[in-house]
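Coordinates as given in upload.txt (compact mmCIF, C-alpha atoms):
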```
# COMPACT_ATOMS: atom_id res chain seq x y z
CA MET H 1350 0.35 -84.20 9.08
CA THR H 1351 0.28 -80.55 10.12
CA MET H 1352 -3.04 -78.76 10.35
CA MET H 1353 -2.26 -76.96 7.08
CA GLN H 1354 -1.60 -80.25 5.34
CA ILE H 1355 -4.80 -81.77 6.74
CA ARG H 1356 -6.87 -78.81 5.55
CA ARG H 1357 -5.18 -78.92 2.17
CA ALA H 1358 -5.71 -82.66 1.76
CA GLY H 1359 -9.39 -82.31 2.66
CA TRP H 1360 -9.79 -79.45 0.22
CA LEU H 1361 -8.10 -81.42 -2.54
CA VAL H 1362 -10.38 -84.41 -2.01
CA GLN H 1363 -13.42 -82.15 -2.17
CA ARG H 1364 -12.23 -80.36 -5.29
CA ALA H 1365 -11.24 -83.60 -7.00
CA LYS H 1366 -14.78 -84.88 -6.55
CA GLN H 1367 -16.13 -81.69 -8.06
CA LEU H 1368 -14.02 -82.03 -11.17
CA SER H 1369 -16.32 -84.61 -12.73
CA LEU H 1370 -19.28 -82.26 -12.23
CA HIS H 1371 -17.73 -78.91 -13.00
CA ARG H 1372 -15.52 -77.73 -15.82
CA TYR H 1373 -14.05 -74.32 -15.25
CA THR H 1374 -12.41 -71.84 -17.55
CA TYR H 1375 -10.00 -69.09 -16.68
CA ARG H 1376 -7.67 -66.63 -18.32
CA THR H 1377 -4.18 -67.92 -18.73
CA ILE H 1378 -0.86 -66.26 -19.24
CA SER H 1379 0.22 -65.42 -22.74
CA HIS H 1380 2.29 -68.25 -24.17
CA SER H 1381 4.08 -66.03 -26.64
CA VAL H 1382 7.39 -67.88 -26.36
CA PRO H 1383 8.68 -68.46 -29.92
CA HIS H 1384 9.84 -72.03 -29.39
CA LEU H 1385 8.89 -74.23 -26.48
CA ASP H 1386 11.77 -76.64 -26.07
CA ASP H 1387 9.84 -79.70 -24.95
CA ASN H 1388 13.06 -81.56 -24.18
CA ASN H 1389 13.65 -79.28 -21.19
CA VAL H 1390 10.50 -80.65 -19.53
CA LEU H 1391 9.88 -84.33 -20.21
CA VAL H 1392 6.76 -86.31 -19.38
CA GLU H 1393 6.71 -89.78 -17.85
CA GLY H 1394 3.91 -92.02 -16.66
CA ASN H 1395 0.58 -93.25 -17.87
CA GLY H 1396 -2.60 -94.53 -16.33
CA CYS H 1397 -3.64 -92.51 -13.29
CA SER H 1398 -0.59 -90.26 -12.87
CA ARG H 1399 1.87 -88.12 -14.79
CA MET H 1400 5.42 -87.04 -13.98
CA ALA H 1401 7.01 -83.81 -15.22
CA VAL H 1402 10.80 -84.09 -15.41
CA LEU H 1403 12.87 -80.89 -15.37
CA ASN H 1404 15.58 -81.70 -17.87
CA ARG H 1405 18.32 -79.09 -18.02
CA PRO H 1406 20.89 -80.96 -15.90
CA SER H 1407 23.85 -78.98 -17.27
CA ALA H 1408 22.18 -75.82 -15.88
CA LEU H 1409 21.01 -77.54 -12.67
CA ASN H 1410 17.51 -77.43 -14.15
CA ALA H 1411 17.39 -73.64 -13.87
CA ILE H 1412 13.92 -72.63 -15.02
CA ASN H 1413 13.53 -70.39 -18.06
CA THR H 1414 10.41 -68.93 -19.64
CA SER H 1415 9.77 -71.84 -22.01
CA MET H 1416 10.07 -74.39 -19.19
CA ALA H 1417 7.64 -72.47 -16.98
CA ALA H 1418 5.19 -72.09 -19.88
CA ARG H 1419 5.37 -75.80 -20.70
CA LEU H 1420 4.85 -76.76 -17.05
CA HIS H 1421 1.84 -74.47 -16.90
CA LYS H 1422 0.38 -76.01 -20.06
CA LEU H 1423 1.01 -79.60 -18.89
CA TYR H 1424 -0.42 -79.09 -15.42
CA ARG H 1425 -3.51 -77.40 -16.80
CA SER H 1426 -4.14 -80.26 -19.22
CA TRP H 1427 -3.56 -82.88 -16.50
CA GLU H 1428 -5.94 -81.10 -14.18
CA ASP H 1429 -8.63 -81.13 -16.86
CA ASN H 1430 -8.09 -84.82 -17.68
CA PRO H 1431 -10.51 -86.93 -15.58
CA ASP H 1432 -8.35 -90.04 -16.12
CA ILE H 1433 -5.41 -88.49 -14.24
CA GLY H 1434 -5.69 -88.65 -10.46
CA PHE H 1435 -2.45 -86.99 -9.37
CA VAL H 1436 0.73 -85.49 -10.75
CA MET H 1437 4.43 -85.56 -9.85
CA VAL H 1438 7.55 -83.55 -10.64
CA LYS H 1439 11.25 -84.26 -10.33
CA GLY H 1440 14.56 -83.03 -11.70
CA SER H 1441 17.19 -84.83 -13.74
CA GLY H 1442 20.81 -84.94 -12.64
CA ARG H 1443 22.02 -83.60 -9.30
CA ALA H 1444 19.36 -80.92 -8.88
CA PHE H 1445 15.63 -80.62 -8.59
CA ALA H 1446 15.94 -77.00 -9.74
CA ALA H 1447 18.53 -74.41 -8.76
CA GLY H 1448 16.04 -71.60 -9.33
CA GLY H 1449 15.24 -69.28 -12.19
CA ASP H 1450 17.72 -68.83 -15.02
CA ILE H 1451 19.31 -65.68 -13.60
CA VAL H 1452 22.14 -65.70 -16.14
CA ALA H 1453 19.62 -65.47 -18.99
CA LEU H 1454 17.86 -62.64 -17.15
CA TYR H 1455 21.20 -60.87 -16.65
CA HIS H 1456 21.94 -60.93 -20.38
CA LEU H 1457 18.40 -59.85 -21.28
CA LEU H 1458 18.66 -56.87 -18.93
CA ASN H 1459 22.04 -55.90 -20.32
CA LYS H 1460 20.44 -55.90 -23.79
CA GLY H 1461 17.62 -53.73 -22.50
CA ASP H 1462 14.95 -56.40 -23.02
CA MET H 1463 12.88 -55.69 -19.94
CA GLU H 1464 9.72 -57.10 -21.53
CA ALA H 1465 11.25 -60.58 -21.88
CA CYS H 1466 12.18 -60.47 -18.20
CA LYS H 1467 8.65 -59.47 -17.25
CA GLU H 1468 7.32 -62.37 -19.32
CA PHE H 1469 9.53 -64.80 -17.42
CA PHE H 1470 8.33 -63.65 -14.02
CA ARG H 1471 4.68 -63.49 -15.08
CA THR H 1472 4.94 -67.04 -16.41
CA ILE H 1473 6.63 -68.65 -13.44
CA TYR H 1474 4.61 -66.76 -10.81
CA SER H 1475 1.39 -67.74 -12.58
CA PHE H 1476 2.47 -71.37 -12.63
CA ILE H 1477 3.29 -71.22 -8.92
CA TYR H 1478 -0.24 -69.99 -8.28
CA VAL H 1479 -1.58 -72.96 -10.24
CA ILE H 1480 0.49 -75.29 -8.02
CA GLY H 1481 -0.83 -73.60 -4.89
CA THR H 1482 -4.46 -73.94 -6.05
CA TYR H 1483 -4.18 -77.26 -7.88
CA MET H 1484 -7.24 -79.47 -7.76
CA LYS H 1485 -5.35 -82.74 -7.72
CA PRO H 1486 -2.62 -84.04 -5.41
CA ASN H 1487 0.88 -83.03 -6.47
CA VAL H 1488 4.07 -84.82 -5.39
CA ALA H 1489 7.45 -83.10 -5.76
CA LEU H 1490 10.59 -85.26 -5.41
CA LEU H 1491 13.17 -82.76 -4.18
CA ASN H 1492 16.34 -84.74 -4.73
CA GLY H 1493 19.39 -82.48 -4.95
CA ILE H 1494 19.63 -78.70 -5.18
CA THR H 1495 16.26 -77.02 -4.54
CA MET H 1496 16.65 -73.26 -4.45
CA GLY H 1497 14.75 -70.08 -5.30
CA GLY H 1498 12.26 -70.73 -8.08
CA GLY H 1499 12.84 -74.48 -7.72
CA ALA H 1500 11.39 -74.25 -4.22
CA GLY H 1501 8.69 -71.95 -5.56
CA ILE H 1502 7.27 -74.51 -8.00
CA SER H 1503 7.23 -77.30 -5.39
CA ILE H 1504 6.59 -76.07 -1.85
CA PRO H 1505 3.02 -74.80 -2.52
CA GLY H 1506 2.08 -78.35 -3.64
CA THR H 1507 0.55 -81.14 -1.61
CA PHE H 1508 3.57 -83.35 -0.93
CA ARG H 1509 7.32 -82.57 -0.98
CA VAL H 1510 9.75 -85.45 -0.53
CA ALA H 1511 13.23 -84.42 0.61
CA THR H 1512 16.22 -86.76 0.55
CA ASP H 1513 19.74 -87.07 1.92
CA LYS H 1514 20.89 -85.21 -1.22
CA THR H 1515 18.50 -82.27 -0.89
CA ILE H 1516 19.96 -78.79 -0.45
CA PHE H 1517 17.46 -75.99 0.08
CA ALA H 1518 18.16 -72.26 0.13
CA THR H 1519 16.72 -68.89 -0.80
CA PRO H 1520 20.01 -67.09 -1.51
CA GLU H 1521 18.60 -64.11 -3.41
CA VAL H 1522 19.97 -61.41 -1.07
CA LEU H 1523 23.47 -62.57 -2.03
CA ILE H 1524 22.78 -61.56 -5.65
CA GLY H 1525 21.10 -58.27 -4.85
CA PHE H 1526 17.54 -59.59 -5.11
CA HIS H 1527 14.80 -60.75 -2.71
CA PRO H 1528 13.33 -64.19 -1.96
CA ASP H 1529 10.52 -64.43 -4.51
CA ALA H 1530 8.45 -67.08 -6.29
CA GLY H 1531 6.17 -67.32 -3.26
CA ALA H 1532 9.03 -67.41 -0.75
CA SER H 1533 7.57 -64.54 1.27
CA PHE H 1534 4.55 -66.78 1.85
CA TYR H 1535 6.15 -70.08 2.79
CA LEU H 1536 9.17 -68.66 4.65
CA SER H 1537 6.94 -66.45 6.76
CA HIS H 1538 4.98 -69.49 7.95
CA LEU H 1539 7.99 -71.40 9.29
CA PRO H 1540 8.46 -71.80 13.05
CA GLY H 1541 9.40 -68.64 14.93
CA HIS H 1542 11.65 -66.35 12.91
CA LEU H 1543 13.37 -69.09 10.94
CA GLY H 1544 11.97 -67.56 7.75
CA GLU H 1545 13.66 -64.24 8.41
CA TYR H 1546 16.95 -66.03 9.08
CA LEU H 1547 16.79 -68.03 5.84
CA ALA H 1548 15.73 -65.00 3.80
CA LEU H 1549 18.42 -62.67 5.15
CA THR H 1550 21.34 -65.08 5.19
CA GLY H 1551 20.62 -67.39 2.26
CA GLU H 1552 21.85 -70.26 4.42
CA LYS H 1553 21.18 -73.82 3.34
CA LEU H 1554 18.99 -76.49 4.89
CA ASN H 1555 19.40 -80.20 4.27
CA GLY H 1556 16.58 -82.66 3.69
CA VAL H 1557 16.27 -83.62 7.35
CA GLU H 1558 15.95 -79.97 8.31
CA MET H 1559 13.39 -79.36 5.56
CA VAL H 1560 11.04 -82.05 6.81
CA THR H 1561 11.58 -81.05 10.44
CA CYS H 1562 10.58 -77.43 9.88
CA GLY H 1563 7.75 -78.24 7.45
CA LEU H 1564 9.20 -77.17 4.11
CA ALA H 1565 9.06 -80.85 3.11
CA THR H 1566 6.30 -83.27 4.07
CA HIS H 1567 8.35 -86.49 3.84
CA TYR H 1568 11.95 -87.70 3.89
CA SER H 1569 13.55 -90.65 2.18
CA LEU H 1570 17.04 -91.77 1.28
CA CYS H 1571 17.62 -90.99 -2.38
CA ALA H 1572 18.42 -94.67 -2.99
CA ARG H 1573 14.73 -95.40 -2.32
CA LEU H 1574 13.37 -92.87 -4.79
CA PRO H 1575 13.15 -95.35 -7.70
CA LEU H 1576 11.05 -97.62 -5.50
CA ILE H 1577 8.86 -94.71 -4.39
CA GLU H 1578 8.34 -93.66 -7.99
CA GLU H 1579 7.48 -97.23 -8.94
CA GLN H 1580 4.93 -97.60 -6.16
CA LEU H 1581 3.35 -94.22 -6.85
CA GLY H 1582 3.13 -95.10 -10.53
CA LYS H 1583 1.02 -98.15 -9.64
CA LEU H 1584 -1.57 -96.16 -7.71
CA VAL H 1585 -5.00 -95.59 -9.20
CA THR H 1586 -6.28 -92.79 -7.01
CA ASP H 1587 -6.95 -89.10 -6.59
CA ASP H 1588 -7.06 -89.45 -2.79
CA PRO H 1589 -4.24 -87.60 -0.99
CA SER H 1590 -4.44 -89.98 1.97
CA VAL H 1591 -3.64 -92.96 -0.26
CA ILE H 1592 -0.61 -91.17 -1.68
CA GLU H 1593 0.45 -90.13 1.82
CA THR H 1594 0.31 -93.75 2.99
CA THR H 1595 2.65 -94.80 0.18
CA LEU H 1596 5.09 -92.00 0.93
CA GLU H 1597 5.11 -92.87 4.63
CA GLN H 1598 5.59 -96.55 3.88
CA TYR H 1599 8.87 -95.88 2.08
CA GLY H 1600 9.95 -92.86 4.09
CA ASP H 1601 12.38 -92.49 6.98
CA LEU H 1602 11.89 -90.91 10.39
CA VAL H 1603 14.76 -88.50 11.01
CA HIS H 1604 15.85 -85.78 13.41
CA PRO H 1605 18.26 -82.87 12.85
CA ASP H 1606 21.71 -83.31 14.37
CA SER H 1607 23.21 -81.15 17.10
CA THR H 1608 24.82 -78.73 14.63
CA SER H 1609 21.55 -77.86 12.90
CA VAL H 1610 20.19 -74.34 13.07
CA LEU H 1611 16.93 -75.95 14.16
CA GLN H 1612 18.67 -76.76 17.46
CA ARG H 1613 19.28 -73.03 17.91
CA LEU H 1614 15.80 -71.63 17.43
CA GLU H 1615 15.79 -69.93 20.83
CA ILE H 1616 18.81 -67.77 20.09
CA LEU H 1617 17.67 -67.36 16.47
CA ASP H 1618 14.32 -65.98 17.57
CA LYS H 1619 16.03 -63.77 20.14
CA CYS H 1620 18.08 -62.12 17.40
CA PHE H 1621 15.74 -62.18 14.39
CA HIS H 1622 12.50 -61.03 16.03
CA HIS H 1623 13.56 -57.39 15.85
CA ASP H 1624 11.84 -54.87 13.59
CA THR H 1625 14.85 -53.73 11.56
CA VAL H 1626 17.92 -55.29 9.98
CA GLU H 1627 20.11 -52.94 12.03
CA GLU H 1628 18.55 -54.23 15.26
CA ILE H 1629 19.03 -57.83 14.13
CA VAL H 1630 22.72 -57.14 13.43
CA ASP H 1631 23.11 -55.42 16.81
CA ALA H 1632 21.51 -58.37 18.61
CA LEU H 1633 23.83 -60.83 16.87
CA GLU H 1634 26.87 -58.68 17.67
CA ILE H 1635 25.92 -58.46 21.34
CA GLU H 1636 25.33 -62.22 21.51
CA ALA H 1637 28.62 -62.91 19.73
CA SER H 1638 30.59 -60.61 22.04
CA GLU H 1639 29.08 -62.12 25.16
CA THR H 1640 29.29 -65.78 24.17
CA ASN H 1641 31.76 -65.95 21.27
CA ASP H 1642 29.14 -68.17 19.66
CA ALA H 1643 30.30 -69.52 16.30
CA TRP H 1644 26.78 -69.50 14.85
CA CYS H 1645 26.31 -65.81 15.66
CA ILE H 1646 29.67 -64.96 14.12
CA SER H 1647 29.01 -66.90 10.91
CA THR H 1648 25.50 -65.41 10.65
CA LEU H 1649 26.94 -61.90 10.95
CA ASN H 1650 29.43 -62.69 8.21
CA ARG H 1651 26.62 -63.87 5.93
CA LEU H 1652 24.66 -60.69 6.50
CA LYS H 1653 27.72 -58.63 5.58
CA GLU H 1654 27.95 -60.45 2.23
CA ALA H 1655 24.40 -59.54 1.22
CA SER H 1656 23.12 -56.45 -0.54
CA PRO H 1657 22.06 -53.94 2.15
CA LEU H 1658 19.03 -52.90 0.11
CA SER H 1659 18.06 -56.53 -0.40
CA LEU H 1660 18.28 -57.19 3.33
CA LYS H 1661 15.85 -54.41 4.15
CA VAL H 1662 13.28 -55.17 1.47
CA SER H 1663 13.47 -58.92 2.17
CA LEU H 1664 12.80 -58.46 5.88
CA ARG H 1665 9.76 -56.33 5.12
CA SER H 1666 8.60 -58.84 2.50
CA ILE H 1667 8.68 -61.75 4.95
CA ARG H 1668 6.90 -59.72 7.60
CA GLU H 1669 4.14 -58.72 5.17
CA GLY H 1670 3.87 -62.27 3.83
CA ARG H 1671 2.95 -63.54 7.29
CA PHE H 1672 -0.44 -61.86 6.95
CA GLN H 1673 -1.10 -62.46 3.25
CA THR H 1674 -2.41 -65.28 1.08
CA LEU H 1675 -0.30 -66.89 -1.63
CA ASP H 1676 -1.79 -64.76 -4.41
CA GLN H 1677 -1.22 -61.58 -2.42
CA CYS H 1678 2.40 -62.56 -1.83
CA LEU H 1679 2.98 -63.33 -5.51
CA SER H 1680 1.37 -60.06 -6.60
CA ARG H 1681 3.50 -58.05 -4.16
CA GLU H 1682 6.64 -59.97 -5.13
CA TYR H 1683 5.93 -59.16 -8.78
CA HIS H 1684 6.02 -55.43 -8.01
CA MET H 1685 9.20 -55.94 -6.00
CA THR H 1686 10.80 -57.99 -8.75
CA LEU H 1687 10.18 -55.40 -11.46
CA GLN H 1688 11.63 -52.72 -9.20
CA GLY H 1689 14.61 -54.95 -8.43
CA ILE H 1690 15.52 -55.62 -12.06
CA SER H 1691 14.64 -52.20 -13.49
CA LYS H 1692 17.69 -50.43 -11.97
CA GLN H 1693 15.46 -47.47 -11.07
CA ILE H 1694 16.39 -47.82 -7.40
CA SER H 1695 19.61 -49.81 -7.62
CA GLY H 1696 21.54 -52.03 -10.03
CA ASP H 1697 22.26 -54.57 -7.31
CA PHE H 1698 20.61 -57.50 -9.10
CA CYS H 1699 22.78 -57.30 -12.21
CA GLU H 1700 25.84 -56.55 -10.10
CA GLY H 1701 25.16 -59.51 -7.82
CA VAL H 1702 24.68 -61.93 -10.72
CA ARG H 1703 27.81 -60.59 -12.41
CA ALA H 1704 29.95 -60.98 -9.29
CA ARG H 1705 28.70 -64.37 -8.12
CA VAL H 1706 27.65 -66.21 -11.27
CA VAL H 1707 29.05 -64.57 -14.41
CA ASP H 1708 32.51 -63.17 -13.60
CA LYS H 1709 32.66 -65.05 -10.27
CA ASP H 1710 34.97 -62.52 -8.62
CA MET H 1711 32.71 -62.76 -5.53
CA ALA H 1712 33.16 -59.04 -4.91
CA PRO H 1713 29.89 -57.27 -5.70
CA LYS H 1714 29.84 -53.50 -5.33
CA TRP H 1715 26.49 -52.89 -3.70
CA ASP H 1716 24.61 -49.62 -4.17
CA PRO H 1717 23.99 -48.39 -1.52
CA PRO H 1718 27.03 -50.02 0.10
CA THR H 1719 25.82 -49.92 3.73
CA LEU H 1720 22.59 -50.41 5.66
CA GLU H 1721 22.78 -46.85 6.94
CA MET H 1722 22.67 -45.51 3.38
CA VAL H 1723 19.50 -47.41 2.47
CA SER H 1724 16.73 -44.87 2.95
CA GLN H 1725 13.14 -45.61 3.92
CA ASP H 1726 12.05 -44.03 0.63
CA MET H 1727 14.13 -46.57 -1.31
CA VAL H 1728 12.54 -49.44 0.58
CA ASP H 1729 9.04 -48.00 0.13
CA GLN H 1730 9.56 -47.56 -3.62
CA TYR H 1731 10.59 -51.21 -3.92
CA PHE H 1732 7.01 -52.20 -3.01
CA LEU H 1733 5.28 -49.90 -5.51
CA PRO H 1734 4.31 -50.66 -9.13
CA LEU H 1735 7.07 -49.81 -11.59
CA SER H 1736 4.88 -47.04 -12.99
CA GLU H 1737 1.26 -45.96 -12.82
CA PHE H 1738 0.69 -47.70 -16.16
CA GLU H 1739 2.37 -51.00 -15.20
CA PRO H 1740 -0.17 -53.88 -15.15
CA ASP H 1741 -0.45 -55.96 -12.01
CA LEU H 1742 0.26 -59.67 -12.05
CA ASP H 1743 -2.91 -61.21 -13.50
CA LEU H 1744 -3.80 -64.25 -11.42
CA PRO H 1745 -7.11 -66.10 -11.89
CA THR H 1746 -8.19 -65.58 -8.28
CA LYS H 1747 -11.91 -65.45 -9.11
CA VAL H 1748 -11.94 -69.03 -10.39
CA ARG H 1749 -8.95 -70.44 -8.47
CA GLU H 1750 -9.34 -69.36 -4.88
CA ALA H 1751 -6.13 -69.04 -2.87
CA PHE H 1752 -7.02 -71.34 0.00
CA LEU H 1753 -3.54 -71.08 1.52
```

Would you kindly transcribe this structure into structure tokens?
Amino acid sequence: MTMMQIRRAGWLVQRAKQLSLHRYTYRTISHSVPHLDDNNVLVEGNGCSRMAVLNRPSALNAINTSMAARLHKLYRSWEDNPDIGFVMVKGSGRAFAAGGDIVALYHLLNKGDMEACKEFFRTIYSFIYVIGTYMKPNVALLNGITMGGGAGISIPGTFRVATDKTIFATPEVLIGFHPDAGASFYLSHLPGHLGEYLALTGEKLNGVEMVTCGLATHYSLCARLPLIEEQLGKLVTDDPSVIETTLEQYGDLVHPDSTSVLQRLEILDKCFHHDTVEEIVDALEIEASETNDAWCISTLNRLKEASPLSLKVSLRSIREGRFQTLDQCLSREYHMTLQGISKQISGDFCEGVRARVVDKDMAPKWDPPTLEMVSQDMVDQYFLPLSEFEPDLDLPTKVREAFL
């Protein structure tokens, strides 16, 4: 276990013991969704544990407002139930969760329904904060695609099991957005400047790489997941160390292969430690010209695909996240998100979703089109509230302390 995991496990044990003595109350998000489609989040298990199953396989379990609200409601009720010792979450089909439902957001924005978009982000960010401050152990089985918001609702939890089918990424810059849903917190705490690399390129990691860099806590072949679920379902415990023992018993020890980016951290840090995106690009170009390194060339090509504005705000977001708690990151990301979808600074989000997901012409017309045309004022505005009357993200920090 890493030091963070040890501290978290100790905290969870302490808080679990307090549950029988202390019942807390806190303000929750408004569950004003007209119809909660329970079939999109199923519940399995009995006895000492519960399993939430993300069940939109045709949409790669992309999370919408009703799913996030139902997850929030379920997790709150499970936390309050003294008979439940720990909780789990998995996805159906070939994904854990591909992220938030950006197509639904795209159509809402095109209809001018900004309030529905705000409700989505308030709901999912609030649920992520619950995961990051949960008083019982939480196991996420990350089998398949785990991107964006899918990573957001799992990585702040106690245990994350990656498999040989896991594909992780935070590809938001490629759709004119920024890594959100707590990404500026967890990416910024990765080794060296790996977080900056993942945020600015949207490149993928496999399950072996996830557990090696700390995004996952355990690794197992997906063929063993049914056995792991079965064994976890038999446990009668709220002790993280007991759950950890079971996960280790059925896990696999693995190491990234020679082609992994984790074998290139020295050159990655050399290029991505710089203060600005322009300096990062220059460093990669110099390295590529001197060595003809294929990784440098492919990384440069990825940066050229991304929204220039998104690159600049995402770099700043990761750098700020390195010195902030989870709640501070989520609150800042909420401001950034509203700016990103409002079109007050740029329409890159809608244009990126249109080009890559809706029309699929893969030719977004970014505004501004180059890094040089992205002004400091534009970047600064991205981090401000949408207006002086715009409410902040309301997280229950007084009763759920952000210990991360």

Show me the residues close to (16.6, -58.5, 11.2) - anything with an atom within 9 Å, counting all atoms listed in the file - and format the list as a ChimeraX atom specification. /H:1545-1546,1549,1620-1630,1632,1660-1661,1664

Counting all atoms listed in the file, give me one row per residue of segment 1583-1693 of chain H with an atom at most 12 Å from an atom of segment 1461-1483 of chain H, showing the shortest contact pair and its distance in Å to one decimal, sorted by chain then residue number, as a Markdown table.
```
| residue | atom | partner | partner_atom | distance |
| --- | --- | --- | --- | --- |
| H:Thr1674 | CA | H:Gly1481 | CA | 10.4 |
| H:Leu1675 | CA | H:Tyr1478 | CA | 7.3 |
| H:Asp1676 | CA | H:Tyr1478 | CA | 6.7 |
| H:Gln1677 | CA | H:Tyr1478 | CA | 10.3 |
| H:Cys1678 | CA | H:Tyr1474 | CA | 10.2 |
| H:Leu1679 | CA | H:Tyr1474 | CA | 6.5 |
| H:Ser1680 | CA | H:Tyr1474 | CA | 8.6 |
| H:Arg1681 | CA | H:Tyr1474 | CA | 11.0 |
| H:Glu1682 | CA | H:Tyr1474 | CA | 9.1 |
| H:Tyr1683 | CA | H:Phe1470 | CA | 7.3 |
| H:His1684 | CA | H:Lys1467 | CA | 10.4 |
| H:Met1685 | CA | H:Phe1470 | CA | 11.2 |
| H:Thr1686 | CA | H:Phe1470 | CA | 8.1 |
| H:Leu1687 | CA | H:Lys1467 | CA | 7.2 |
| H:Gln1688 | CA | H:Lys1467 | CA | 10.9 |
| H:Gly1689 | CA | H:Cys1466 | CA | 11.5 |
| H:Ile1690 | CA | H:Met1463 | CA | 8.3 |
| H:Ser1691 | CA | H:Met1463 | CA | 7.5 |
| H:Lys1692 | CA | H:Met1463 | CA | 10.7 |
```

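Atom CA of Ala1565 of chain H sits 14.8 Å away from atom CA of Phe1534 of chain H.
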
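Minimum atom-to-atom distances from H:Leu1658, H:Ala1643, H:Glu1578, H:Met1484 to Asp1729 of chain H were compared using only C-alpha atoms, and the lowest value belongs to H:Leu1658.
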
Output as CSV one row per residue of segment 1406-1472 of chain H within 9 Å of segment 1513-1523 of chain H: the closest atom pair and its distance in Å to one decimal place, counting all atoms listed in the file, sorted by chain and residue number ascending.
```
residue,atom,partner,partner_atom,distance
H:Arg1443,CA,H:Lys1514,CA,8.3
H:Ala1444,CA,H:Thr1515,CA,8.1
H:Phe1445,CA,H:Thr1515,CA,8.4
H:Gly1448,CA,H:Thr1519,CA,9.0
```

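You will find atom CA of Val1603 of chain H at 16.3 Å from atom CA of Leu1491 of chain H.
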
Have a look at atom CA of Pro1734 of chain H and atom CA of Ala1655 of chain H and let me know their distance in Å, one decimal. 24.3 Å

Residue neighbourhood Glu1579 of chain H, 12 Å, all atoms listed in the file, exclusion window fewer than 5 positions, as a PyMOL selection string: chain H and resi 1393-1395+1398+1400+1573-1574+1584+1595-1596+1599

Given the choices H:Ala1572, H:Ile1667, H:Val1662, H:Met1496, which gets closest to Tyr1535 of chain H if the distance is worked out from all atoms listed in the file? H:Ile1667

Please work out which residues fall within 12 Å of (27.7, -77.8, 12.2), coordinates as given in the file, with only C-alpha atoms counting, and return them as a PDB file with C-alpha atoms, in the coordinates of the input.
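The resulting file, result.pdb, is shown below:
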```pdb
ATOM      1  CA  LYS H1553      21.180 -73.820   3.340  1.00  0.00           C
ATOM      2  CA  LEU H1554      18.990 -76.490   4.890  1.00  0.00           C
ATOM      3  CA  ASN H1555      19.400 -80.200   4.270  1.00  0.00           C
ATOM      4  CA  PRO H1605      18.260 -82.870  12.850  1.00  0.00           C
ATOM      5  CA  ASP H1606      21.710 -83.310  14.370  1.00  0.00           C
ATOM      6  CA  SER H1607      23.210 -81.150  17.100  1.00  0.00           C
ATOM      7  CA  THR H1608      24.820 -78.730  14.630  1.00  0.00           C
ATOM      8  CA  SER H1609      21.550 -77.860  12.900  1.00  0.00           C
ATOM      9  CA  VAL H1610      20.190 -74.340  13.070  1.00  0.00           C
ATOM     10  CA  LEU H1611      16.930 -75.950  14.160  1.00  0.00           C
ATOM     11  CA  GLN H1612      18.670 -76.760  17.460  1.00  0.00           C
ATOM     12  CA  ARG H1613      19.280 -73.030  17.910  1.00  0.00           C
ATOM     13  CA  ALA H1643      30.300 -69.520  16.300  1.00  0.00           C
ATOM     14  CA  TRP H1644      26.780 -69.500  14.850  1.00  0.00           C
ATOM     15  CA  SER H1647      29.010 -66.900  10.910  1.00  0.00           C
TER      16      SER H1647
END
```

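Comparing the minimum interatomic distances between Phe1732 of chain H and each of H:Ala1712, H:Ile1433, H:Ile1694, H:Leu1720, counting all atoms listed in the file, we find that H:Ile1694 sits nearest.
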